Amino acid sequence: MPKYLISFEKGAMDHIPEEDIPETGKAAHAVCQEAKDAGVFVFAGGLSYEDGDVEHAVVATDGMVTDGPYLESKELIGGVAIVDVPTREAALEWAAKFAVACRCAQDVRKFMDDPDAITA
């Protein structure tokens, strides 16, 4: 089955009051558990941008390592989930569940097929 990346941008959850963060986390974990129970869960996680915990790097094709991308960048991902579902419509349904739980819009992208991939 195809795999889909469901993600949201860094800062997309900044509108949530601090006191609601634990409830939002529980809701997101509940969607992950539902995906596990449905047999479509592959991975989920948020990315850390806290002071002292930021270790960004860009590795060029020549192996040169530079700092970045920078926290000010609007292209940074805040969190991701990967689901293994039969159709785009199914991926959109899971994205809708994550959108409600995380209280923010979700981006949905299909991974390219890899005919040489080993499947379990």
# chains A, B, ... in the order shown; residues from 1 in each chain; ligands from 1
$ residues_around --residues "A:Gly39" --least-positions-apart "5" --cutoff "10 Å" --atoms "only C-alpha atoms" --output "list in words"
Gln33, Glu34, Val83, Asp84 and Val85 of chain A
$ write_last_selection --atoms "N, CA and C atoms" --output "mmCIF file, in the first residue's frame"
data_model
loop_
_atom_site.group_PDB
_atom_site.id
_atom_site.type_symbol
_atom_site.label_atom_id
_atom_site.label_comp_id
_atom_site.auth_asym_id
_atom_site.auth_seq_id
_atom_site.Cartn_x
_atom_site.Cartn_y
_atom_site.Cartn_z
ATOM 1 N N GLN A 33 -3.031 6.034 18.340
ATOM 2 C CA GLN A 33 -3.470 4.716 18.809
ATOM 3 C C GLN A 33 -4.555 4.150 17.901
ATOM 4 N N GLU A 34 -5.465 5.002 17.466
ATOM 5 C CA GLU A 34 -6.512 4.560 16.539
ATOM 6 C C GLU A 34 -5.895 4.057 15.232
ATOM 7 N N VAL A 83 1.227 7.231 7.484
ATOM 8 C CA VAL A 83 0.228 6.171 7.467
ATOM 9 C C VAL A 83 0.371 5.365 6.184
ATOM 10 N N ASP A 84 0.043 4.106 6.278
ATOM 11 C CA ASP A 84 0.120 3.170 5.157
ATOM 12 C C ASP A 84 -1.315 2.773 4.825
ATOM 13 N N VAL A 85 -1.887 3.454 3.840
ATOM 14 C CA VAL A 85 -3.304 3.284 3.512
ATOM 15 C C VAL A 85 -3.479 3.045 2.013
#
$ residues_around --residues "stretch 109-116 of chain A" --least-positions-apart "2" --cutoff "6 Å" --atoms "only C-alpha atoms" --output "list in words"
Lys3, Tyr4 and Leu5 of chain A
$ write_last_selection --atoms "N, CA and C atoms" --output "short mmCIF file (atom, residue, chain, number, x, y, z; two decimals), in the first residue's frame"
data_model
loop_
_atom_site.label_atom_id
_atom_site.label_comp_id
_atom_site.auth_asym_id
_atom_site.auth_seq_id
_atom_site.Cartn_x
_atom_site.Cartn_y
_atom_site.Cartn_z
N LYS A 3 2.28 4.85 1.14
CA LYS A 3 2.45 5.54 2.42
C LYS A 3 2.28 7.03 2.18
N TYR A 4 1.70 7.69 3.17
CA TYR A 4 1.46 9.13 3.09
C TYR A 4 2.07 9.83 4.29
N LEU A 5 2.67 10.98 4.02
CA LEU A 5 3.19 11.85 5.06
C LEU A 5 2.11 12.87 5.39
#
$ closest_residue --among "A:Ala81, A:Met64, A:Cys102, A:Ala95" --to "A:Phe43" --atoms "only C-alpha atoms"
A:Ala81
$ closest_residue --among "A:Lys10, A:Lys97, A:Ala91, A:Gln106" --to "A:Cys32" --atoms "only C-alpha atoms"
A:Lys97
$ select_by_dssp --residues "chain A" --states "alpha helix (DSSP H)" --output "PyMOL selection string"
chain A and resi 21-38+88-102
$ residues_around --residues "A:Cys104" --least-positions-apart "2" --cutoff "9 Å" --atoms "only C-alpha atoms" --output "compact mmCIF listing (two decimals) with C-alpha atoms, in the first residue's frame"
# COMPACT_ATOMS: atom_id res chain seq x y z
CA PHE A 8 2.11 20.51 9.90
CA ALA A 12 0.96 25.89 13.47
CA MET A 13 -0.04 25.06 17.04
CA PHE A 98 -4.96 14.72 13.11
CA ALA A 99 -6.16 18.22 12.18
CA VAL A 100 -8.91 18.04 14.80
CA ALA A 101 -6.60 16.57 17.44
CA CYS A 102 -3.74 19.00 16.80
CA GLN A 106 -2.33 19.18 7.95
$ closest_residue --among "A:Ile82, A:Val65, A:Ala57, A:Ile77" --to "A:Lys36" --atoms "only C-alpha atoms"
A:Ile82
